[in-house]
>>> print(open('coords.cif').read())   # mmCIF, C-alpha atoms
data_work
#
loop_
_atom_site.label_atom_id
_atom_site.label_comp_id
_atom_site.auth_asym_id
_atom_site.auth_seq_id
_atom_site.Cartn_x
_atom_site.Cartn_y
_atom_site.Cartn_z
CA MET D 673 78.30 106.77 69.29
CA LYS D 674 79.80 110.25 68.95
CA LYS D 675 82.21 111.06 66.12
CA LYS D 676 85.09 111.74 68.53
CA THR D 677 84.45 108.54 70.47
CA LEU D 678 84.21 106.49 67.29
CA ALA D 679 87.46 107.98 65.96
CA SER D 680 89.37 107.29 69.18
CA THR D 681 87.98 103.75 69.36
CA VAL D 682 88.99 103.01 65.76
CA LEU D 683 92.42 104.57 66.35
CA SER D 684 92.96 102.46 69.49
CA ILE D 685 91.94 99.28 67.68
CA ILE D 686 94.32 100.10 64.81
CA ILE D 687 97.24 100.82 67.19
CA VAL D 688 96.66 97.63 69.17
CA SER D 689 96.27 95.55 66.01
CA VAL D 690 99.48 96.95 64.50
CA VAL D 691 101.46 96.26 67.67
CA ILE D 692 100.11 92.72 68.02
CA LEU D 693 100.84 92.10 64.34
CA ALA D 694 104.39 93.47 64.74
CA ALA D 695 104.94 91.30 67.82
CA GLY D 696 103.61 88.27 65.97
CA ILE D 697 105.93 88.87 63.02
CA ARG D 698 108.86 89.40 65.39
CA CYS D 699 108.06 86.13 67.19
CA ALA D 700 107.61 84.29 63.89
CA LEU D 701 111.00 85.50 62.73
CA GLN D 702 112.62 84.39 65.98
CA PRO D 703 110.49 81.59 67.36
CA GLU D 704 113.09 80.27 69.77
CA SER D 705 115.38 81.66 72.41
CA LYS D 706 119.03 81.02 71.64
CA ASP D 707 122.28 81.14 73.55
CA PHE D 708 125.73 80.76 72.11
CA MET D 709 129.09 80.13 73.74
CA GLN D 710 132.57 79.31 72.52
CA PHE D 711 135.68 78.32 74.44
CA LYS D 712 139.05 76.54 74.15
CA SER D 713 140.53 74.00 76.51
CA PRO D 714 143.93 72.28 76.61
CA VAL D 715 144.05 68.50 76.64
CA ILE D 716 147.21 66.62 77.60
CA VAL D 717 147.61 63.11 76.26
CA THR D 718 149.86 60.97 78.44
CA ASP D 719 150.78 57.31 78.42
CA SER D 720 148.24 56.61 81.13
CA GLY D 721 145.35 58.52 79.58
CA VAL D 722 144.06 62.06 78.99
CA GLU D 723 144.34 64.99 81.41
CA TYR D 724 141.95 67.90 80.98
CA GLU D 725 140.40 70.82 82.93
CA LEU D 726 136.83 70.93 81.74
CA GLU D 727 134.37 71.93 84.44
CA PRO D 728 130.69 70.99 84.05
CA ILE D 729 128.69 73.81 82.42
CA HIS D 730 125.52 74.79 84.24
CA PHE D 731 122.31 75.75 82.38
CA GLU D 732 118.91 76.94 83.61
CA PRO D 733 116.90 76.50 80.43
CA ILE D 734 113.53 78.08 79.72
CA GLY D 735 111.17 75.73 77.95
CA LYS D 736 110.46 72.02 78.09
CA LYS D 737 112.46 70.83 75.12
CA VAL D 738 116.06 72.00 74.92
CA THR D 739 118.44 71.22 72.10
CA PHE D 740 122.20 71.71 72.29
CA ASP D 741 124.25 71.96 69.11
CA VAL D 742 127.78 70.94 70.03
CA GLU D 743 130.67 71.53 67.67
CA ILE D 744 134.19 70.43 68.55
CA GLU D 745 137.41 71.17 66.71
CA GLY D 746 140.29 69.02 67.77
CA PRO D 747 142.87 66.53 66.58
CA ASP D 748 141.82 63.21 65.11
CA GLY D 749 142.32 60.57 67.72
CA ILE D 750 140.53 62.34 70.57
CA ASP D 751 136.98 61.15 71.11
CA THR D 752 134.98 63.54 73.22
CA GLU D 753 131.88 62.44 75.01
CA ALA D 754 129.30 65.21 75.60
CA ALA D 755 126.88 64.24 78.33
CA ILE D 756 123.90 65.97 79.95
CA TYR D 757 123.02 65.59 83.63
CA ILE D 758 119.87 66.78 85.37
CA GLY D 759 120.04 68.16 88.91
CA SER D 760 123.69 67.37 89.63
CA PRO D 761 126.80 66.70 87.51
CA GLU D 762 127.48 63.71 89.78
CA SER D 763 124.23 61.95 88.82
CA SER D 764 124.00 59.56 85.91
CA SER D 765 123.76 61.22 82.51
CA VAL D 766 120.38 61.40 80.82
CA VAL D 767 121.76 61.70 77.33
CA LYS D 768 125.23 61.53 75.77
CA GLU D 769 126.87 61.73 72.37
CA LYS D 770 130.39 60.89 71.24
CA ILE D 771 132.23 63.16 68.82
CA SER D 772 135.40 61.85 67.19
CA GLY D 773 138.09 64.44 66.45
CA SER D 774 136.41 67.43 64.81
CA GLY D 775 132.70 67.09 64.45
CA SER D 776 129.30 68.10 65.69
CA ALA D 777 126.32 66.57 67.42
CA LYS D 778 122.83 67.48 68.50
CA ILE D 779 121.84 66.66 72.05
CA GLN D 780 118.21 67.01 73.03
CA VAL D 781 116.61 67.02 76.47
CA THR D 782 112.85 66.66 76.30
CA ASP D 783 111.96 67.30 79.93
CA ALA D 784 114.11 70.26 80.98
CA ASP D 785 111.47 72.68 82.21
CA GLY D 786 112.63 74.43 85.39
CA LYS D 787 115.47 71.96 86.01
CA ASP D 788 119.19 72.55 86.39
CA LEU D 789 121.10 71.04 83.49
CA TYR D 790 124.81 70.29 83.49
CA MET D 791 126.90 69.49 80.44
CA LYS D 792 130.19 67.66 80.79
CA PHE D 793 132.82 67.00 78.13
CA ILE D 794 135.00 63.94 78.65
CA PRO D 795 137.86 63.57 76.11
CA GLU D 796 139.47 60.18 75.57
CA ASN D 797 142.42 59.04 73.53
CA SER D 798 141.28 56.57 70.90
CA GLY D 799 144.84 55.20 70.84
CA SER D 800 146.27 56.89 67.77
CA LEU D 801 147.66 60.04 69.42
CA ALA D 802 151.19 60.37 70.76
CA PRO D 803 151.60 61.84 74.26
CA SER D 804 151.59 65.63 73.91
CA SER D 805 149.51 68.73 74.61
CA TYR D 806 146.58 69.41 72.32
CA SER D 807 143.80 71.97 72.17
CA LEU D 808 140.08 71.44 71.80
CA GLN D 809 137.76 74.20 70.68
CA PHE D 810 134.11 74.00 71.67
CA LYS D 811 131.13 75.80 70.15
CA LEU D 812 127.90 75.40 72.00
CA LYS D 813 124.45 76.62 71.03
CA GLY D 814 121.36 76.05 73.14
CA THR D 815 117.86 76.33 71.74
CA SER D 816 114.64 76.06 73.69
CA ASP D 817 111.09 75.67 72.45
CA GLU D 818 109.72 78.55 74.53
CA LEU D 819 110.09 82.29 74.30
CA LYS D 820 111.67 83.98 77.28
CA LEU D 821 109.19 85.48 79.70
CA HIS D 822 110.67 88.94 79.35
CA SER D 823 110.46 88.78 75.58
CA GLY D 824 110.30 92.44 74.59
CA PRO D 825 107.71 92.52 71.78
CA LEU D 826 105.19 90.43 73.70
CA MET D 827 105.52 92.62 76.77
CA ILE D 828 105.07 95.80 74.74
CA ALA D 829 102.12 94.25 72.92
CA ALA D 830 100.51 93.27 76.22
CA LEU D 831 101.03 96.75 77.69
CA LEU D 832 99.65 98.46 74.61
CA LEU D 833 96.73 96.04 74.51
CA VAL D 834 95.83 97.01 78.08
CA PHE D 835 96.28 100.69 77.19
CA GLY D 836 94.13 100.27 74.06
CA ILE D 837 91.34 98.56 75.99
CA TYR D 838 91.54 101.31 78.62
CA VAL D 839 91.24 104.01 75.96
CA ILE D 840 88.28 102.22 74.35
CA VAL D 841 86.53 101.84 77.71
CA ILE D 842 87.20 105.45 78.73
CA THR D 843 86.09 106.94 75.43
CA ASN D 844 82.95 104.83 75.26
CA ARG D 845 81.93 105.74 78.78
CA SER D 846 78.82 107.85 79.01
CA GLU D 847 79.66 111.47 79.81
CA SER D 848 76.83 111.68 82.33
CA LYS D 849 78.22 108.81 84.41
CA TYR D 850 79.24 111.24 87.14
CA ASP D 851 77.43 114.40 88.11
CA GLU D 852 79.13 117.77 88.47
CA ARG D 853 79.89 117.43 92.21
CA GLN D 854 81.40 113.99 91.66
CA LEU D 855 83.54 115.22 88.75
CA ALA D 856 84.88 118.07 90.89
CA ALA D 857 85.62 115.65 93.76
CA ARG D 858 87.35 113.23 91.39
CA GLY D 859 89.51 116.03 90.01
CA LYS D 860 90.67 116.99 93.50
CA ALA D 861 91.29 113.33 94.39
CA ALA D 862 93.34 112.81 91.22
CA MET D 863 95.52 115.81 92.06
CA ASN D 864 96.08 114.56 95.61
CA ALA D 865 96.83 111.03 94.34
CA LEU D 866 99.43 112.43 91.96
CA ILE D 867 101.07 114.26 94.87
CA ILE D 868 101.14 110.98 96.84
CA VAL D 869 102.82 109.18 93.92
CA MET D 870 105.39 111.96 93.61
CA MET D 871 106.05 111.85 97.37
CA CYS D 872 106.61 108.06 97.20
CA CYS D 873 109.13 108.51 94.38
CA PHE D 874 110.81 111.42 96.17
CA THR D 875 111.10 109.41 99.40
CA TYR D 876 112.58 106.48 97.47
CA GLY D 877 115.04 108.84 95.77
CA CYS D 878 116.19 110.25 99.13
CA LEU D 879 116.51 106.80 100.71
CA SER D 880 118.31 105.21 97.76
CA ILE D 881 120.83 108.08 97.70
CA SER D 882 121.46 108.04 101.44
CA ILE D 883 121.45 104.25 102.02
CA GLU D 884 123.96 102.16 100.14
CA ASN D 885 122.46 99.07 98.47
CA PHE D 886 118.90 100.11 99.30
CA PRO D 887 116.96 96.81 99.13
CA ILE D 888 113.92 98.04 97.17
CA SER D 889 114.30 98.33 93.40
CA MET D 890 113.12 101.23 91.27
CA TYR D 891 110.82 98.79 89.46
CA GLU D 892 109.06 97.84 92.69
CA VAL D 893 108.84 101.46 93.83
CA GLY D 894 107.40 102.51 90.44
CA ILE D 895 104.66 99.89 90.50
CA GLY D 896 104.09 100.31 94.24
CA SER D 897 103.73 104.09 93.93
CA VAL D 898 101.15 103.76 91.17
CA ILE D 899 99.18 101.19 93.19
CA VAL D 900 99.32 103.31 96.37
CA GLY D 901 98.33 106.42 94.37
CA SER D 902 95.43 104.59 92.69
CA THR D 903 94.21 103.26 96.04
CA ALA D 904 94.44 106.73 97.58
CA PHE D 905 92.49 108.11 94.61
CA ALA D 906 89.77 105.48 94.97
CA ILE D 907 89.45 106.04 98.73
CA MET D 908 89.37 109.85 98.42
CA CYS D 909 86.71 109.57 95.71
CA ASP D 910 84.61 107.13 97.72
CA VAL D 911 84.80 109.23 100.90
CA ASN D 912 83.32 112.09 98.82
CA ASP D 913 80.72 109.77 97.22
CA ALA D 914 82.38 110.18 93.85
CA PHE D 915 83.89 106.76 93.21
CA PHE D 916 80.80 105.07 91.82
CA GLY D 917 78.87 106.65 88.98
CA LEU D 918 75.15 107.28 88.88
CA SER D 919 74.18 103.82 87.73
CA GLU D 920 77.05 101.69 89.03
CA ARG D 921 76.67 98.84 91.47
CA ARG D 922 78.81 99.00 94.57
CA ALA D 923 78.49 95.35 95.69
CA LYS D 924 80.24 93.92 92.62
CA PHE D 925 83.29 96.13 93.07
CA ILE D 926 83.49 95.50 96.82
CA ALA D 927 83.48 91.73 96.24
CA LEU D 928 86.12 92.13 93.52
CA SER D 929 88.35 94.18 95.84
CA TRP D 930 88.18 91.55 98.58
CA VAL D 931 89.00 88.77 96.12
CA MET D 932 91.89 90.75 94.57
CA GLY D 933 93.35 91.65 97.97
CA ILE D 934 93.18 88.11 99.31
CA LEU D 935 94.55 86.60 96.09
CA ALA D 936 97.45 89.08 95.90
CA LEU D 937 98.42 88.45 99.54
CA PHE D 938 98.04 84.70 99.05
CA GLY D 939 100.29 84.83 95.99
CA ALA D 940 102.86 86.96 97.79
CA GLY D 941 102.74 84.60 100.78
CA MET D 942 103.29 81.58 98.55
CA THR D 943 106.28 83.27 96.92
CA PHE D 944 107.60 84.29 100.35
CA LEU D 945 107.42 80.66 101.47
CA GLY D 946 109.35 79.63 98.38
CA LEU D 947 106.40 77.99 96.65
CA GLY D 948 106.02 80.67 93.97
CA ARG D 949 108.03 81.15 90.83
CA PHE D 950 108.68 84.88 90.54
CA ASN D 951 110.61 85.95 93.62
CA GLU D 952 110.97 89.55 92.58
CA ILE D 953 107.22 90.26 92.76
CA THR D 954 106.82 89.40 96.46
CA GLY D 955 107.08 93.02 97.61
CA THR D 956 104.79 94.28 94.89
CA GLY D 957 102.30 91.50 95.62
CA ILE D 958 102.19 92.46 99.31
CA VAL D 959 101.65 96.15 98.43
CA VAL D 960 98.87 95.23 95.96
CA GLY D 961 97.22 92.92 98.49
CA ILE D 962 97.33 95.45 101.34
CA CYS D 963 96.06 98.27 99.09
CA PHE D 964 93.15 96.20 97.80
CA LEU D 965 92.24 95.06 101.32
CA ILE D 966 92.30 98.66 102.61
CA LEU D 967 90.10 99.69 99.68
CA ALA D 968 87.74 96.76 100.29
CA ILE D 969 87.41 97.67 104.00
CA GLU D 970 86.79 101.35 103.18
CA LEU D 971 84.20 100.47 100.53
CA THR D 972 82.42 98.07 102.87
CA VAL D 973 82.29 100.60 105.72
CA LYS D 974 81.20 103.41 103.40
CA SER D 975 78.55 101.14 101.89
CA SER D 976 76.98 100.48 105.28
CA ILE D 977 77.11 104.23 106.15
CA GLU D 978 75.48 105.05 102.81
CA LYS D 979 72.71 102.50 103.39
CA LYS D 980 72.07 103.95 106.84
CA GLU D 981 71.99 107.53 105.48
CA ALA D 982 69.55 106.58 102.73
CA THR D 983 67.28 104.80 105.26
CA ASP D 984 67.40 107.77 107.66
CA GLU D 985 66.51 110.15 104.84
CA GLU D 986 63.52 108.04 103.84
CA SER D 987 62.11 107.87 107.37
CA MET R 830 74.29 127.06 105.29
CA LYS R 831 71.49 124.49 105.05
CA ASN R 832 69.02 124.83 102.22
CA LEU R 833 65.80 124.12 104.08
CA ARG R 834 63.66 125.63 101.31
CA LEU R 835 64.83 122.98 98.89
CA LYS R 836 64.13 120.25 101.43
CA ALA R 837 60.66 121.66 102.10
CA ALA R 838 59.82 121.98 98.39
CA ARG R 839 60.90 118.40 97.83
CA ALA R 840 58.93 117.14 100.82
CA ALA R 841 55.87 119.06 99.65
CA LEU R 842 55.89 117.00 96.47
CA ASP R 843 56.43 113.85 98.56
CA MET R 844 59.74 113.15 96.84
CA SER R 845 62.73 111.45 98.39
CA GLN R 846 66.28 112.64 97.75
CA GLN R 847 66.71 109.67 95.44
CA ASP R 848 63.58 110.55 93.45
CA LEU R 849 64.74 114.12 92.96
CA ALA R 850 68.27 112.96 92.12
CA ASP R 851 66.95 110.55 89.48
CA LYS R 852 64.81 113.25 87.87
CA VAL R 853 67.61 115.81 87.86
CA GLY R 854 70.28 113.31 86.77
CA VAL R 855 72.63 113.50 89.75
CA SER R 856 73.47 111.23 92.68
CA ARG R 857 71.46 111.17 95.90
CA GLN R 858 74.52 112.32 97.78
CA THR R 859 74.69 115.47 95.64
CA ILE R 860 71.11 116.43 96.54
CA ASN R 861 71.94 115.65 100.17
CA ALA R 862 75.06 117.84 99.98
CA ILE R 863 73.06 120.74 98.48
CA GLU R 864 70.40 120.48 101.18
CA LYS R 865 73.06 120.36 103.90
CA GLY R 866 74.85 123.33 102.37
CA ASP R 867 78.03 121.33 101.74
CA TYR R 868 77.98 121.88 97.99
CA ASN R 869 77.18 124.92 95.86
CA PRO R 870 75.54 123.66 92.65
CA THR R 871 76.11 125.23 89.26
CA ILE R 872 73.38 127.39 87.73
CA LYS R 873 72.61 124.52 85.34
CA LEU R 874 71.85 122.13 88.18
CA CYS R 875 69.91 124.82 90.09
CA LEU R 876 67.69 125.34 87.04
CA SER R 877 67.11 121.58 86.66
CA ILE R 878 66.09 121.30 90.31
CA CYS R 879 63.79 124.30 89.99
CA ARG R 880 62.11 122.83 86.92
CA VAL R 881 61.51 119.48 88.62
CA LEU R 882 60.17 121.08 91.81
CA GLY R 883 58.15 123.78 89.95
CA LYS R 884 59.85 126.65 91.78
CA THR R 885 61.90 129.67 90.73
CA LEU R 886 65.58 130.19 91.43
CA ASP R 887 64.71 132.94 93.89
CA GLU R 888 62.36 130.69 95.81
CA LEU R 889 64.91 127.92 96.25
CA PHE R 890 68.35 129.44 96.14
CA TRP R 891 68.23 133.19 96.84
CA GLU R 892 69.67 134.04 100.21
CA GLU R 893 67.80 136.83 101.99
#
>>> encode(input="coords.cif", output="structure tokens")
Amino acid sequence: MKKKTLASTVLSIIIVSVVILAAGIRCALQPESKDFMQFKSPVIVTDSGVEYELEPIHFEPIGKKVTFDVEIEGPDGIDTEAAIYIGSPESSSVVKEKISGSGSAKIQVTDADGKDLYMKFIPENSGSLAPSSYSLQFKLKGTSDELKLHSGPLMIAALLLVFGIYVIVITNRSESKYDERQLAARGKAAMNALIIVMMCCFTYGCLSISIENFPISMYEVGIGSVIVGSTAFAIMCDVNDAFFGLSERRAKFIALSWVMGILALFGAGMTFLGLGRFNEITGTGIVVGICFLILAIELTVKSSIEKKEATDEES
Amino acid sequence: MKNLRLKAARAALDMSQQDLADKVGVSRQTINAIEKGDYNPTIKLCLSICRVLGKTLDELFWEE
């Protein structure tokens, strides 16, 4: 291994290790996702009972096990029942706790993953309070056992891990993988692909300025542009016989492209039909699927042309 | 312009494009492109081809 290659490989490994370590420490320091809310509500005690305006609170928790820490400050004599309902606040409660006057309780739901949770507070007069208006103060803290999917450090670690692996692969690649004609063709293709990416972004910019509430997000356009640009690069390289190196096997990559294209479209289709989980990636999934299928078709056609050319040359 | 002299020199040694490409260290398509006149090789590649085919630069690449 060359000195330069070795240095860049070691540097990449160090960077990736540091980021993963930092992410791990960050996660260890904050192992759970937390939400906190606080509110006041009037309670009127009458001769016939208690009148209150407490609407059910809706939660969409992340994680299987969810724990609510409920703290209530109120006059002695009011017993408040905190109950959890799954699916609908009209269903029967799955768990409930009673807090007398001022106090706190822990309410745990062990099977909350992906379900709608509702919390209802039902105050009652234990009999010792005179009819009047009182105030209850609620403090509510929810804790789940799973990190949020968009947890920043993990995402950054994952991105840098991919980047680190890419750097290691690129720097370890043999310099004679492509010949001089292929390198020149790849350079031209890269320049053209960059222009395509810039045109995609420019078109999006024009459309988003001129059309109010343009339905495609910048996130989707960013990823889509890179995918379209990469596909264009691959196709331009392959048309000029510069996509595969001197000792690379075409068949493996063609098969991979077909599988990737079909899987991406299948995933996008599932999401489109409401069977998937991440609605926002439907558009990106379709773009990825179409791009991979176009690439797979081009590679397959070019492969057969190449085989024919090689046979003709031999005869 | 097609490089028929290169093609003839290669054929004289009973070498295919792939054989020559392997010995020179380029792809078959690059040899094909040089023979068809679609690609102008660098002097480094010209010298490698000349060495493999036992010819001089003038014999293979000089245009008269």
>>> atom_distance(input="coords.cif", atom1="atom CA of Ile771 of chain D", atom2="atom CA of Leu808 of chain D")
11.8 Å
>>> interface_residues(input="coords.cif", of="chain R", to="chain D", cutoff="9 Å", atoms="all atoms listed in the file", output="list of chain:residue names")
R:Ser845, R:Gln846, R:Gln847, R:Asp851, R:Gly854, R:Val855, R:Ser856, R:Arg857, R:Gln858, R:Thr859, R:Tyr868, R:Asn869, R:Pro870, R:Thr871, R:Leu874
>>> resolve_selection(input="coords.cif", expression="the PyMOL selection byres ((chain D and resi 733-744) around 8)", output="number ranges by chain")
D: 731-732, 745-746, 771, 773-789, 808-820
>>> resolve_selection(input="coords.cif", expression="the PyMOL selection byres ((chain R and resi 875) around 10)", output="list in words")
Val853, Ile863, Asn869, Pro870, Thr871, Ile872, Lys873, Leu874, Leu876, Ser877, Ile878, Cys879, Arg880, Thr885, Leu886, Leu889 and Phe890 of chain R
>>> atom_distance(input="coords.cif", atom1="atom CA of Leu967 of chain D", atom2="atom CA of Ser929 of chain D")
6.9 Å
>>> resolve_selection(input="coords.cif", expression="the PyMOL selection byres ((chain D and resi 794) around 6)", output="list of chain:residue names")
D:Thr752, D:Glu753, D:Phe793, D:Pro795
>>> write_last_selection(input="coords.cif", atoms="C-alpha atoms", output="mmCIF file, in the frame of the given file")
data_model
loop_
_atom_site.group_PDB
_atom_site.id
_atom_site.type_symbol
_atom_site.label_atom_id
_atom_site.label_comp_id
_atom_site.auth_asym_id
_atom_site.auth_seq_id
_atom_site.Cartn_x
_atom_site.Cartn_y
_atom_site.Cartn_z
ATOM 1 C CA THR D 752 134.980 63.540 73.220
ATOM 2 C CA GLU D 753 131.880 62.440 75.010
ATOM 3 C CA PHE D 793 132.820 67.000 78.130
ATOM 4 C CA PRO D 795 137.860 63.570 76.110
#
>>> closest_residue(input="coords.cif", among="D:Met932, D:Ser889, D:Ile969, D:Asp984", to="Asn861 of chain R", atoms="only C-alpha atoms")
D:Asp984
>>> atom_distance(input="coords.cif", atom1="atom CA of Tyr757 of chain D", atom2="atom CA of Ser798 of chain D")
24.0 Å
>>> residues_around(input="coords.cif", residues="segment 933-939 of chain D", least_positions_apart="5", cutoff="9 Å", atoms="all atoms listed in the file", output="list in words")
Leu928, Phe944, Gly948, Thr954, Gly957, Ile958, Val959, Val960, Gly961, Ile962, Cys963, Phe964, Leu965, Ile966, Leu967 and Ala968 of chain D
>>> residues_near_point(input="coords.cif", point="(55.3, 118.0, 92.9)", cutoff="7 Å", atoms="all atoms listed in the file", output="list in words")
Ala841, Leu842 and Leu882 of chain R
>>> closest_residue(input="coords.cif", among="D:Phe905, D:Met863, D:Gly894, D:Ile750", to="Tyr876 of chain D", atoms="all atoms listed in the file")
D:Gly894
>>> residues_around(input="coords.cif", residues="Asn797 of chain D", least_positions_apart="2", cutoff="8 Å", atoms="all atoms listed in the file", output="ChimeraX atom specification")
/D:717,721-722,749-751,795,799-801
>>> residues_around(input="coords.cif", residues="Glu723 of chain D", least_positions_apart="2", cutoff="12 Å", atoms="only C-alpha atoms", output="list of chain:residue names")
D:Ser713, D:Pro714, D:Val715, D:Ile716, D:Val717, D:Thr718, D:Asp719, D:Ser720, D:Gly721, D:Glu725, D:Leu726, D:Ile750, D:Ile794, D:Pro795, D:Glu796, D:Asn797, D:Pro803, D:Ser804, D:Ser805, D:Tyr806, D:Ser807
>>> decode(input="coords.cif", residues="segment 917-924 of chain D", atoms="all heavy atoms", output="mmCIF file, in the first residue's frame")
data_model
loop_
_atom_site.group_PDB
_atom_site.id
_atom_site.type_symbol
_atom_site.label_atom_id
_atom_site.label_comp_id
_atom_site.auth_asym_id
_atom_site.auth_seq_id
_atom_site.Cartn_x
_atom_site.Cartn_y
_atom_site.Cartn_z
ATOM 1 N N GLY D 917 -14.099 -1.039 -14.961
ATOM 2 C CA GLY D 917 -12.643 -0.998 -15.072
ATOM 3 C C GLY D 917 -12.113 -2.176 -15.873
ATOM 4 O O GLY D 917 -12.869 -2.952 -16.454
ATOM 5 N N LEU D 918 -10.791 -2.295 -15.875
ATOM 6 C CA LEU D 918 -10.174 -3.317 -16.719
ATOM 7 C C LEU D 918 -10.462 -4.734 -16.249
ATOM 8 O O LEU D 918 -10.493 -5.654 -17.045
ATOM 9 C CB LEU D 918 -8.656 -3.087 -16.765
ATOM 10 C CG LEU D 918 -8.236 -1.726 -17.331
ATOM 11 C CD1 LEU D 918 -6.728 -1.585 -17.305
ATOM 12 C CD2 LEU D 918 -8.760 -1.554 -18.747
ATOM 13 N N SER D 919 -10.629 -4.907 -14.948
ATOM 14 C CA SER D 919 -10.827 -6.274 -14.456
ATOM 15 C C SER D 919 -12.165 -6.444 -13.731
ATOM 16 O O SER D 919 -12.326 -7.320 -12.900
ATOM 17 C CB SER D 919 -9.673 -6.638 -13.523
ATOM 18 O OG SER D 919 -9.591 -5.681 -12.496
ATOM 19 N N GLU D 920 -13.120 -5.570 -14.016
ATOM 20 C CA GLU D 920 -14.408 -5.664 -13.324
ATOM 21 C C GLU D 920 -15.402 -6.525 -14.083
ATOM 22 O O GLU D 920 -15.367 -6.567 -15.309
ATOM 23 C CB GLU D 920 -14.985 -4.269 -13.106
ATOM 24 C CG GLU D 920 -14.419 -3.598 -11.881
ATOM 25 C CD GLU D 920 -14.963 -2.203 -11.706
ATOM 26 O OE1 GLU D 920 -15.096 -1.487 -12.707
ATOM 27 O OE2 GLU D 920 -15.257 -1.843 -10.569
ATOM 28 N N ARG D 921 -16.287 -7.151 -13.322
ATOM 29 C CA ARG D 921 -17.286 -8.018 -13.946
ATOM 30 C C ARG D 921 -18.600 -7.266 -14.082
ATOM 31 O O ARG D 921 -19.118 -6.712 -13.132
ATOM 32 C CB ARG D 921 -17.481 -9.272 -13.109
ATOM 33 C CG ARG D 921 -16.237 -10.114 -13.098
ATOM 34 C CD ARG D 921 -16.515 -11.471 -12.546
ATOM 35 N NE ARG D 921 -15.314 -12.285 -12.720
ATOM 36 C CZ ARG D 921 -15.332 -13.587 -12.825
ATOM 37 N NH1 ARG D 921 -16.462 -14.220 -12.794
ATOM 38 N NH2 ARG D 921 -14.232 -14.267 -12.967
ATOM 39 N N ARG D 922 -19.109 -7.269 -15.299
ATOM 40 C CA ARG D 922 -20.318 -6.534 -15.633
ATOM 41 C C ARG D 922 -21.579 -7.202 -15.059
ATOM 42 O O ARG D 922 -22.451 -6.516 -14.542
ATOM 43 C CB ARG D 922 -20.393 -6.471 -17.155
ATOM 44 C CG ARG D 922 -21.494 -5.693 -17.751
ATOM 45 C CD ARG D 922 -21.351 -5.720 -19.251
ATOM 46 N NE ARG D 922 -20.450 -4.688 -19.712
ATOM 47 C CZ ARG D 922 -20.854 -3.498 -20.139
ATOM 48 N NH1 ARG D 922 -22.122 -3.214 -20.174
ATOM 49 N NH2 ARG D 922 -19.998 -2.607 -20.551
ATOM 50 N N ALA D 923 -21.615 -8.537 -15.135
ATOM 51 C CA ALA D 923 -22.845 -9.280 -14.805
ATOM 52 C C ALA D 923 -23.309 -9.004 -13.374
ATOM 53 O O ALA D 923 -24.508 -8.825 -13.126
ATOM 54 C CB ALA D 923 -22.611 -10.770 -14.998
ATOM 55 N N LYS D 924 -22.350 -8.933 -12.443
ATOM 56 C CA LYS D 924 -22.688 -8.734 -11.035
ATOM 57 C C LYS D 924 -23.410 -7.389 -10.846
ATOM 58 O O LYS D 924 -24.423 -7.301 -10.153
ATOM 59 C CB LYS D 924 -21.396 -8.755 -10.217
ATOM 60 C CG LYS D 924 -21.582 -8.965 -8.742
ATOM 61 C CD LYS D 924 -20.267 -9.236 -8.040
ATOM 62 C CE LYS D 924 -19.348 -8.038 -8.062
ATOM 63 N NZ LYS D 924 -18.078 -8.260 -7.357
#
